[in-house]
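Enquirer: Input structure: structure.txt, which contains compact mmCIF, C-alpha atoms and all ligand atoms.
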```txt
# COMPACT_ATOMS: atom_id res chain seq x y z
CA MET A 12 135.27 88.54 40.56
CA ALA A 13 132.60 89.18 37.98
CA ILE A 14 129.08 89.04 39.33
CA THR A 15 126.63 86.90 37.40
CA PRO A 16 123.72 89.24 36.67
CA PHE A 17 120.56 88.52 38.58
CA THR A 18 117.39 87.42 36.85
CA THR A 19 113.76 87.11 37.89
CA HIS A 20 112.61 83.89 39.52
CA HIS A 21 111.32 81.18 37.21
CA GLY A 22 107.73 81.95 36.22
CA MET A 23 107.92 85.58 37.34
CA VAL A 24 107.94 88.17 34.64
CA ASP A 25 108.93 91.82 34.25
CA ILE A 26 106.36 93.94 32.48
CA LEU A 27 108.42 96.36 30.40
CA PRO A 28 107.13 99.82 29.40
CA GLU A 29 105.91 98.77 25.94
CA ASP A 30 103.80 96.08 27.59
CA ALA A 31 102.78 98.11 30.62
CA VAL A 32 100.80 100.31 28.25
CA LYS A 33 98.66 97.31 27.35
CA TRP A 34 98.12 96.53 31.02
CA GLN A 35 97.05 100.11 31.67
CA PHE A 36 94.54 99.89 28.85
CA ILE A 37 93.07 96.64 30.19
CA GLU A 38 92.96 97.94 33.75
CA GLN A 39 91.20 101.04 32.55
CA ILE A 40 88.52 98.94 30.85
CA ILE A 41 88.09 96.83 33.99
CA ARG A 42 87.64 99.96 36.10
CA LYS A 43 85.26 101.55 33.62
CA THR A 44 83.16 98.38 33.49
CA ALA A 45 83.21 98.11 37.29
CA ARG A 46 81.82 101.63 37.48
CA LYS A 47 79.01 100.72 35.08
CA PHE A 48 78.10 97.67 37.15
CA HIS A 49 78.60 99.62 40.37
CA PHE A 50 81.29 97.41 41.89
CA SER A 51 83.78 99.13 44.23
CA GLU A 52 87.47 98.35 44.36
CA ILE A 53 88.99 96.51 47.30
CA ARG A 54 92.75 96.13 47.77
CA THR A 55 93.97 93.47 50.15
CA PRO A 56 97.60 92.68 51.10
CA VAL A 57 99.52 90.26 48.88
CA MET A 58 100.27 88.14 51.95
CA GLU A 59 97.68 86.42 54.09
CA GLN A 60 97.79 84.00 56.98
CA THR A 61 98.47 80.53 55.65
CA GLY A 62 95.55 79.18 57.68
CA LEU A 63 93.08 81.39 55.82
CA ILE A 64 94.12 80.05 52.43
CA ALA A 65 94.32 76.45 53.65
CA ARG A 66 90.84 76.66 55.11
CA GLY A 67 89.29 78.91 52.49
CA VAL A 68 90.65 77.35 49.33
CA GLY A 69 90.77 73.83 50.79
CA GLU A 70 93.57 71.64 52.16
CA LEU A 71 93.14 69.05 49.44
CA THR A 72 93.31 71.39 46.47
CA ASP A 73 96.44 71.55 44.32
CA ILE A 74 96.78 75.20 45.24
CA VAL A 75 97.10 74.49 48.95
CA SER A 76 98.76 71.08 48.90
CA LYS A 77 101.38 71.81 46.24
CA GLU A 78 101.53 75.40 45.07
CA MET A 79 101.75 77.75 48.03
CA PHE A 80 104.60 80.19 48.50
CA ALA A 81 104.49 80.03 52.27
CA PHE A 82 107.01 80.83 54.97
CA ASN A 83 107.19 81.49 58.67
CA ARG A 84 108.51 84.57 60.41
CA GLY A 85 108.53 84.26 64.16
CA GLU A 86 105.17 82.83 65.16
CA ASP A 87 103.42 84.01 62.02
CA GLN A 88 102.73 81.92 58.95
CA TYR A 89 102.66 83.95 55.78
CA VAL A 90 101.49 82.92 52.35
CA LEU A 91 101.61 84.90 49.13
CA ARG A 92 97.97 84.92 48.13
CA PRO A 93 97.21 82.36 45.40
CA GLU A 94 93.80 83.85 44.60
CA GLY A 95 91.58 86.76 45.51
CA THR A 96 88.35 85.35 46.90
CA ALA A 97 89.53 84.07 50.28
CA PRO A 98 91.29 87.41 51.00
CA VAL A 99 88.19 89.40 50.06
CA ALA A 100 86.06 87.09 52.21
CA ARG A 101 88.52 87.61 55.08
CA ALA A 102 88.28 91.39 54.68
CA PHE A 103 84.48 91.13 54.57
CA VAL A 104 84.49 89.33 57.90
CA GLU A 105 87.26 91.38 59.50
CA HIS A 106 85.63 94.71 58.72
CA ARG A 107 82.06 93.51 59.30
CA LEU A 108 81.04 94.58 55.81
CA ASP A 109 77.87 92.52 56.29
CA GLN A 110 76.70 95.23 58.70
CA ARG A 111 76.81 97.91 56.04
CA GLY A 112 73.43 96.77 54.81
CA GLY A 113 72.45 95.36 51.45
CA VAL A 114 74.99 93.46 49.43
CA GLN A 115 78.66 94.18 48.88
CA LYS A 116 79.78 94.40 45.26
CA LEU A 117 83.58 94.40 45.21
CA PHE A 118 86.23 94.03 42.54
CA TYR A 119 90.00 93.69 42.65
CA ILE A 120 93.02 93.66 40.36
CA GLY A 121 96.36 92.34 41.52
CA PRO A 122 99.16 89.80 41.52
CA MET A 123 98.59 86.22 42.68
CA PHE A 124 101.20 83.55 43.35
CA ARG A 125 101.18 79.83 42.70
CA ALA A 126 104.23 77.59 42.51
CA GLU A 127 103.08 75.87 39.33
CA ARG A 128 105.24 74.56 36.51
CA PRO A 129 105.54 77.62 34.25
CA GLN A 130 104.48 77.40 30.63
CA LYS A 131 102.71 79.67 28.17
CA GLY A 132 99.77 81.21 30.03
CA ARG A 133 100.89 79.79 33.34
CA GLN A 134 103.19 81.75 35.62
CA ARG A 135 104.16 81.71 39.25
CA GLN A 136 103.32 85.34 39.69
CA PHE A 137 100.33 86.21 37.54
CA HIS A 138 97.59 88.78 37.73
CA GLN A 139 93.90 88.45 38.21
CA PHE A 140 90.98 90.76 38.10
CA GLY A 141 87.87 89.53 39.76
CA ALA A 142 84.67 90.49 41.45
CA GLU A 143 82.65 89.26 44.40
CA LEU A 144 79.00 89.87 45.14
CA LEU A 145 78.52 89.10 48.82
CA GLY A 146 75.25 88.79 50.68
CA SER A 147 72.93 87.47 47.98
CA ALA A 148 71.69 83.94 47.45
CA MET A 149 69.59 85.00 44.47
CA PRO A 150 70.26 83.56 41.02
CA VAL A 151 70.18 87.11 39.68
CA ALA A 152 73.47 87.72 41.53
CA ASP A 153 75.10 84.84 39.61
CA ALA A 154 73.88 86.38 36.37
CA GLU A 155 75.16 89.82 37.36
CA ILE A 156 78.66 88.45 38.08
CA ILE A 157 78.77 86.57 34.77
CA ALA A 158 77.47 89.62 32.89
CA PHE A 159 80.19 91.78 34.48
CA MET A 160 82.91 89.33 33.47
CA ILE A 161 81.63 88.94 29.90
CA ASP A 162 81.20 92.69 29.45
CA ILE A 163 84.90 93.26 30.14
CA TYR A 164 85.84 90.82 27.35
CA ASN A 165 83.32 92.41 25.01
CA GLN A 166 84.72 95.88 25.69
CA ILE A 167 88.20 94.64 24.89
CA GLY A 168 86.92 93.07 21.70
CA ILE A 169 87.27 89.38 22.52
CA LYS A 170 84.15 87.84 21.08
CA ASN A 171 85.30 84.33 20.38
CA ILE A 172 84.72 82.92 23.87
CA THR A 173 82.69 80.12 25.36
CA LEU A 174 81.02 80.33 28.72
CA LYS A 175 80.77 76.88 30.28
CA VAL A 176 78.34 76.59 33.16
CA ASN A 177 77.40 73.87 35.56
CA SER A 178 75.94 73.45 38.98
CA VAL A 179 78.09 71.65 41.51
CA GLY A 180 75.11 71.60 43.87
CA ASP A 181 74.71 72.26 47.54
CA PRO A 182 76.35 70.02 50.18
CA GLU A 183 73.43 67.60 50.08
CA SER A 184 73.59 67.24 46.29
CA ARG A 185 77.34 66.87 46.45
CA LYS A 186 77.26 64.22 49.13
CA ALA A 187 74.92 62.09 47.02
CA TYR A 188 77.01 62.74 43.91
CA LYS A 189 80.30 61.91 45.61
CA GLU A 190 78.83 58.61 46.75
CA ALA A 191 77.67 57.86 43.23
CA LEU A 192 81.11 58.71 41.81
CA THR A 193 82.86 56.58 44.43
CA ALA A 194 80.57 53.66 43.64
CA TYR A 195 81.18 54.14 39.91
CA PHE A 196 84.98 54.55 39.95
CA THR A 197 85.89 52.05 42.69
CA PRO A 198 85.56 48.90 40.50
CA TYR A 199 87.94 50.56 37.98
CA LYS A 200 90.30 51.84 40.64
CA ASN A 201 93.40 50.17 39.19
CA LYS A 202 92.72 51.62 35.74
CA LEU A 203 92.74 55.17 37.07
CA SER A 204 95.84 57.36 36.99
CA GLU A 205 97.80 57.60 40.21
CA ILE A 206 96.51 61.07 41.02
CA SER A 207 92.91 60.03 40.39
CA GLN A 208 93.35 57.04 42.68
CA VAL A 209 94.28 59.46 45.43
CA ARG A 210 91.35 61.70 44.57
CA LEU A 211 88.98 58.77 44.69
CA LYS A 212 89.68 58.72 48.40
CA THR A 213 89.93 62.45 49.06
CA ASN A 214 87.62 64.18 46.60
CA PRO A 215 86.19 62.02 43.78
CA MET A 216 84.70 65.05 42.00
CA ARG A 217 88.21 66.24 41.19
CA ILE A 218 88.74 63.09 39.09
CA LEU A 219 86.47 64.77 36.53
CA ASP A 220 89.09 67.50 36.25
CA SER A 221 91.84 65.03 35.34
CA LYS A 222 93.87 65.59 32.19
CA GLU A 223 95.45 62.11 32.34
CA SER A 224 94.67 60.08 29.23
CA GLU A 225 93.95 56.82 31.07
CA ASP A 226 91.13 58.53 32.99
CA GLN A 227 89.27 59.98 30.04
CA MET A 228 87.20 56.96 28.98
CA LEU A 229 86.09 56.35 32.53
CA ILE A 230 85.23 60.01 33.05
CA GLU A 231 83.16 60.03 29.89
CA ASN A 232 80.81 57.40 31.26
CA ALA A 233 80.72 58.66 34.84
CA PRO A 234 77.39 59.71 36.36
CA LEU A 235 76.45 63.37 35.94
CA ILE A 236 75.81 65.72 38.82
CA SER A 237 72.57 66.88 37.24
CA ALA A 238 70.94 63.63 38.36
CA TYR A 239 71.89 64.32 41.98
CA LEU A 240 70.95 67.98 42.39
CA THR A 241 68.41 68.77 45.07
CA ASP A 242 65.25 70.50 43.84
CA GLU A 243 66.50 73.78 45.26
CA SER A 244 69.89 73.54 43.53
CA ARG A 245 68.25 72.57 40.27
CA ALA A 246 65.75 75.44 40.45
CA HIS A 247 68.57 77.88 41.20
CA PHE A 248 70.61 76.65 38.24
CA GLU A 249 67.67 76.79 35.84
CA GLN A 250 66.89 80.33 36.93
CA VAL A 251 70.51 81.41 36.35
CA LEU A 252 70.33 79.96 32.83
CA ARG A 253 67.06 81.81 32.18
CA TYR A 254 68.67 85.08 33.23
CA LEU A 255 71.63 84.41 30.95
CA ASP A 256 69.14 83.82 28.12
CA ASP A 257 67.44 87.13 28.97
CA LEU A 258 70.82 88.88 28.91
CA GLY A 259 71.64 87.36 25.55
CA ILE A 260 74.72 85.67 27.02
CA GLY A 261 75.47 82.41 25.25
CA TYR A 262 76.60 79.41 27.32
CA GLU A 263 77.26 75.72 27.18
CA VAL A 264 75.95 73.63 30.03
CA THR A 265 78.97 71.47 30.86
CA PRO A 266 77.91 68.76 33.30
CA ARG A 267 81.46 67.66 34.11
CA LEU A 268 82.77 71.12 34.90
CA VAL A 269 84.22 71.10 38.40
CA ARG A 270 86.68 73.70 39.52
CA GLY A 271 90.00 73.41 41.29
CA LEU A 272 88.90 75.29 44.38
CA ASP A 273 86.88 73.63 47.10
CA TYR A 274 84.63 76.48 48.09
CA TYR A 275 82.19 76.42 45.19
CA THR A 276 78.52 75.56 45.67
CA LYS A 277 75.75 75.56 43.07
CA THR A 278 76.81 77.62 40.05
CA ALA A 279 80.30 77.05 38.65
CA PHE A 280 81.48 78.53 35.38
CA GLU A 281 84.51 78.92 33.22
CA LEU A 282 85.24 81.15 30.27
CA VAL A 283 87.40 79.49 27.65
CA SER A 284 89.02 80.77 24.49
CA PRO A 285 90.12 78.72 21.47
CA ASP A 286 92.96 81.23 21.00
CA LEU A 287 94.87 80.21 24.11
CA GLY A 288 96.25 76.73 23.43
CA SER A 289 96.44 74.23 26.25
CA GLN A 290 95.83 76.74 29.06
CA ASP A 291 92.52 77.74 27.55
CA ALA A 292 90.69 79.16 30.59
CA LEU A 293 90.46 82.93 30.55
CA GLY A 294 88.57 83.02 33.80
CA GLY A 295 86.10 81.30 35.98
CA GLY A 296 84.08 81.50 39.10
CA GLY A 297 80.98 80.48 40.85
CA ARG A 298 78.92 80.62 43.96
CA TYR A 299 80.49 80.03 47.35
CA ASP A 300 77.70 80.16 49.90
CA LEU A 301 79.66 78.42 52.65
CA LEU A 302 83.06 80.10 52.48
CA ILE A 303 82.38 83.07 54.74
CA GLU A 304 81.12 80.82 57.51
CA GLU A 305 83.98 78.41 56.90
CA ILE A 306 86.46 81.17 57.75
CA GLY A 307 84.62 82.26 60.86
CA GLY A 308 82.15 84.85 59.55
CA PRO A 309 78.37 85.07 59.54
CA ALA A 310 76.49 82.83 57.08
CA THR A 311 76.72 84.82 53.84
CA ALA A 312 75.82 83.64 50.37
CA ALA A 313 78.17 84.98 47.70
CA VAL A 314 79.24 84.59 44.11
CA GLY A 315 82.29 85.76 42.20
CA PHE A 316 84.65 85.39 39.26
CA ALA A 317 88.39 85.68 38.65
CA SER A 318 90.19 86.13 35.34
CA GLY A 319 93.83 86.12 34.36
CA ILE A 320 95.28 89.22 32.74
CA GLU A 321 98.26 87.43 31.13
CA ARG A 322 95.93 85.04 29.30
CA LEU A 323 93.72 87.91 28.26
CA ILE A 324 96.74 89.57 26.66
CA ILE A 325 97.76 86.31 24.95
CA ALA A 326 94.25 86.05 23.50
CA CYS A 327 94.35 89.67 22.32
CA ASP A 328 97.72 89.11 20.64
CA ALA A 329 96.42 85.97 18.93
CA LEU A 330 93.38 87.88 17.67
CA GLY A 331 95.39 90.92 16.59
CA ILE A 332 93.54 93.19 19.03
CA ASP A 333 95.48 96.39 19.49
CA LEU A 334 95.84 97.26 23.16
CA GLY A 335 97.65 100.49 22.41
CA SER A 336 101.23 101.65 22.40
CA ALA A 337 103.15 104.19 24.42
CA PRO A 338 102.02 107.75 23.70
CA GLY A 339 104.69 109.79 21.91
CA LEU A 340 106.32 112.87 23.34
CA ASP A 341 104.91 116.32 22.53
CA VAL A 342 108.11 118.35 22.83
CA TYR A 343 111.80 117.52 23.05
CA ILE A 344 114.15 120.38 23.83
CA VAL A 345 117.46 119.99 22.02
CA THR A 346 120.19 121.85 23.90
CA ARG A 347 123.67 122.98 22.99
CA GLY A 348 125.80 124.17 25.92
CA GLU A 349 125.21 124.87 29.59
CA PRO A 350 123.14 128.10 29.19
CA ALA A 351 120.75 126.18 26.88
CA ILE A 352 120.35 123.49 29.55
CA ASN A 353 119.52 126.17 32.12
CA TRP A 354 116.97 127.63 29.74
CA ALA A 355 115.42 124.23 29.08
CA ILE A 356 115.14 123.45 32.79
CA SER A 357 113.21 126.68 33.31
CA LYS A 358 110.91 126.16 30.32
CA LEU A 359 110.00 122.48 30.83
CA PRO A 360 107.57 123.33 33.68
CA GLU A 361 105.80 125.87 31.45
CA LEU A 362 105.36 123.29 28.70
CA ARG A 363 104.21 120.68 31.18
CA ASN A 364 101.80 123.08 32.87
CA ALA A 365 100.30 123.68 29.46
CA GLY A 366 99.42 119.99 29.43
CA LEU A 367 102.20 118.90 27.09
CA SER A 368 104.59 116.03 27.65
CA ALA A 369 108.05 117.51 27.47
CA SER A 370 111.57 116.19 27.88
CA MET A 371 115.18 117.00 27.03
CA ASP A 372 118.61 115.44 26.78
CA PHE A 373 119.95 113.96 30.00
CA ALA A 374 123.07 112.36 28.59
CA GLY A 375 125.15 115.26 27.25
CA ARG A 376 124.77 114.12 23.67
CA SER A 377 125.50 115.94 20.43
CA ILE A 378 122.73 117.86 18.65
CA LYS A 379 122.54 115.08 16.08
CA ALA A 380 122.14 112.40 18.73
CA GLN A 381 119.50 114.50 20.48
CA MET A 382 117.52 114.85 17.24
CA LYS A 383 117.75 111.10 16.84
CA GLU A 384 116.38 110.61 20.30
CA ALA A 385 113.53 113.05 19.61
CA ASN A 386 112.65 110.89 16.63
CA ARG A 387 112.90 107.68 18.57
CA GLU A 388 110.55 109.10 21.19
CA SER A 389 108.12 110.06 18.38
CA ALA A 390 108.32 113.69 19.47
CA ARG A 391 105.87 115.87 17.66
CA TYR A 392 108.07 118.97 18.07
CA ALA A 393 111.66 119.74 18.87
CA ILE A 394 112.77 123.10 20.23
CA ILE A 395 116.41 123.71 19.38
CA VAL A 396 118.38 126.00 21.71
CA GLY A 397 121.97 127.22 21.58
CA ASP A 398 123.84 130.45 22.29
CA THR A 399 122.53 132.23 19.16
CA GLU A 400 118.90 131.46 20.04
CA LEU A 401 119.43 132.65 23.60
CA GLU A 402 120.93 135.92 22.32
CA THR A 403 118.17 136.64 19.79
CA GLY A 404 115.32 135.27 21.89
CA ASN A 405 114.07 133.33 18.86
CA PHE A 406 114.12 129.54 19.14
CA THR A 407 113.92 126.98 16.40
CA LEU A 408 110.66 125.05 16.54
CA ARG A 409 110.83 121.95 14.39
CA ASP A 410 107.72 120.06 13.39
CA MET A 411 109.23 116.59 13.33
CA ALA A 412 106.71 114.96 11.02
CA LYS A 413 106.71 117.74 8.44
CA SER A 414 110.42 118.58 8.87
CA GLU A 415 109.39 122.25 8.99
CA GLU A 416 111.30 124.78 11.04
CA ASN A 417 110.23 128.19 12.38
CA SER A 418 112.16 130.67 14.43
CA LEU A 419 109.91 132.04 17.18
CA PRO A 420 110.00 133.56 20.66
CA PHE A 421 109.12 131.06 23.38
CA ASP A 422 105.72 132.58 24.22
CA GLN A 423 104.66 132.16 20.62
CA ILE A 424 105.92 128.59 20.55
CA LEU A 425 103.89 127.89 23.67
CA LYS A 426 100.84 129.45 22.09
CA LYS A 427 101.26 127.49 18.90
CA ILE A 428 101.90 124.05 20.34
CA GLY A 429 100.03 124.48 23.64
CA GLN A 430 96.77 124.26 21.72
CA PHE A 431 97.77 120.91 20.47
CA THR A 432 96.76 117.99 22.64
CA ARG A 433 97.24 114.43 21.64
P1 LIG B 1 91.40 80.14 39.23
O1 LIG B 1 91.60 81.11 40.37
O2 LIG B 1 92.29 78.94 39.30
O3 LIG B 1 89.95 79.84 38.99
O4 LIG B 1 91.89 80.90 37.92
C1 LIG B 1 91.18 81.94 37.32
C2 LIG B 1 91.96 82.45 36.15
O5 LIG B 1 93.20 82.96 36.57
C3 LIG B 1 92.32 81.38 35.12
O6 LIG B 1 91.29 81.17 34.23
C4 LIG B 1 93.53 81.99 34.45
O7 LIG B 1 93.14 82.95 33.48
C5 LIG B 1 94.20 82.72 35.59
N1 LIG B 1 95.28 81.88 36.16
C6 LIG B 1 95.17 80.96 37.12
N2 LIG B 1 96.38 80.44 37.41
C7 LIG B 1 97.27 81.05 36.60
C8 LIG B 1 98.68 80.95 36.41
N3 LIG B 1 99.43 80.14 37.13
N4 LIG B 1 99.25 81.75 35.46
C9 LIG B 1 98.51 82.60 34.73
N5 LIG B 1 97.18 82.73 34.87
C10 LIG B 1 96.55 81.98 35.79
```
Let me see the file written as structure tokens.
Ligand code: AMP

Expert:
Amino acid sequence: MAITPFTTHHGMVDILPEDAVKWQFIEQIIRKTARKFHFSEIRTPVMEQTGLIARGVGELTDIVSKEMFAFNRGEDQYVLRPEGTAPVARAFVEHRLDQRGGVQKLFYIGPMFRAERPQKGRQRQFHQFGAELLGSAMPVADAEIIAFMIDIYNQIGIKNITLKVNSVGDPESRKAYKEALTAYFTPYKNKLSEISQVRLKTNPMRILDSKESEDQMLIENAPLISAYLTDESRAHFEQVLRYLDDLGIGYEVTPRLVRGLDYYTKTAFELVSPDLGSQDALGGGGRYDLLIEEIGGPATAAVGFASGIERLIIACDALGIDLGSAPGLDVYIVTRGEPAINWAISKLPELRNAGLSASMDFAGRSIKAQMKEANRESARYAIIVGDTELETGNFTLRDMAKSEENSLPFDQILKKIGQFTR
């Protein structure tokens, strides 16, 4: 019986070699920028305890209530991590990073998992890079995180972006604001979408996030959080904005910006791109001063951001930004007959030790087919070897671009092309 070939799961994508090159380029820029800002990499497991995510991200969020890839094994409840902040916070607590003195500046790059409905820019396995600055309540830390995020986009060449910022306040501000929103929306309860009616009971701030058309008019006239911020929250927000001004980072204060994760306090921000279509958020983040305590650690103020790599690549493609292509091969050894293969096997290490990329035929193909492959691999040189060459000790070196051939001993070939580095 014929086997139906297997495919990836819906919303999970293979990154093929021609695309992996782009990923490497982006990851390299992220790492280079992290070095400049002096953030150190942290790598956490892709699976966490379900309880951590439920508590950290929030039971009522879409991520926890609808989108978790979670399963049990024996007594243990596993979840594929849907985001990076709760895991980093867990590692911070588990390894007592607070005791290392000063602040912790950490960054990560890795796959995240959410069982969302896949569409362009929205996958079930996607990749984020992000950073967390733990142990600082100062507005300058918020500015540092935003500057780090923006610098990565600038390095890549994405200029056409909008930073939306808001303050979602401290618990006191939020309590007052939630009451005001409840009082405002309740008389219109029946006009709200079904999901917003639920949120009116559970978390009225999330109504502001609604995409449902029937909610929009009501949202437009809803009270703004700015009127409910405590003096401290307001002062913090204004200071963050002043630092952004000093850094020359443009922003739009967006009073209705709330984010899908529960742990944010005070500063919340989102980076959007007009080149992305309906999923227009490149990244986002904010302050989460209560999260570490919420998951059982010492009171620790912190701020962070997370950005999606897939959406970054979509934006680059839309803008025609070249993220690089696979580097061509330096040398391809074309072999005819078994003795030539033996020769090639012994010479490949010498070429490679000279810093060249070198390959040969692994499929027993004709000379013609091997030359074709050398071309396809954009080889700069081909060395052609058969019985005659082995007898005379002179090998044909072909410059593929110039179609020039020379007959030379191997040491001279090495000398000639070994100087060449791509
Ligand atoms: P969040 O953790 O929800 O704040 O998301 C931060 C960023 O991660 C977003 O702005 C997107 O760029 C990216 N992202 C979030 N969810 C997905 C997804 N399902 N597919 C692709 N990218 C995503």

Enquirer: Please, what distance in Å, to one decimal, runs between atom CA of Ala233 of chain A and atom CA of Leu192 of chain A?

Expert: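 Here the two named atoms are 7.0 Å from each other.
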
Enquirer: With a distance cut-off of 9 Å and only C-alpha atoms, select the neighbouring residues of Gly366 of chain A, excluding the residue or stretch itself and same-chain residues fewer than 3 positions from it, and output the selection as a list in words.

Expert: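 Non-adjacent residues within range: Glu361, Leu362, Arg363, Gly429 and Thr432 of chain A.
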
Enquirer: Dump C-alpha atoms for the selected residues as a compact mmCIF listing (two decimals), in the frame of the given file?

Expert:
```txt
# COMPACT_ATOMS: atom_id res chain seq x y z
CA GLU A 361 105.80 125.87 31.45
CA LEU A 362 105.36 123.29 28.70
CA ARG A 363 104.21 120.68 31.18
CA GLY A 429 100.03 124.48 23.64
CA THR A 432 96.76 117.99 22.64
```

Enquirer: Do you have the atom CA of Gln136 of chain A-atom CA of Ser76 of chain A distance handy?

Expert: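 Taking atom CA of Gln136 of chain A and atom CA of Ser76 of chain A, their separation equals 17.6 Å.
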
Enquirer: Residues within 9 Å of ligand LIG 1 (chain B), counting all atoms listed in the file: report them as an MDAnalysis selection string.

Expert: chainID A and resid 22 74 93:96 123:141 270:272 281:283 290:296 316:323

Enquirer: So how far away is atom CA of Pro198 of chain A from atom CA of Lys212 of chain A, in Å?

Expert: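 Computing it gives 13.3 Å between the two atoms.
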
Enquirer: In the coordinate frame of the file, compute which residues have an atom within 9 Å of (110.8, 110.8, 21.7) when using all atoms listed in the file, and state them as an MDAnalysis selection string.

Expert: chainID A and resid 339:343 370 383:391
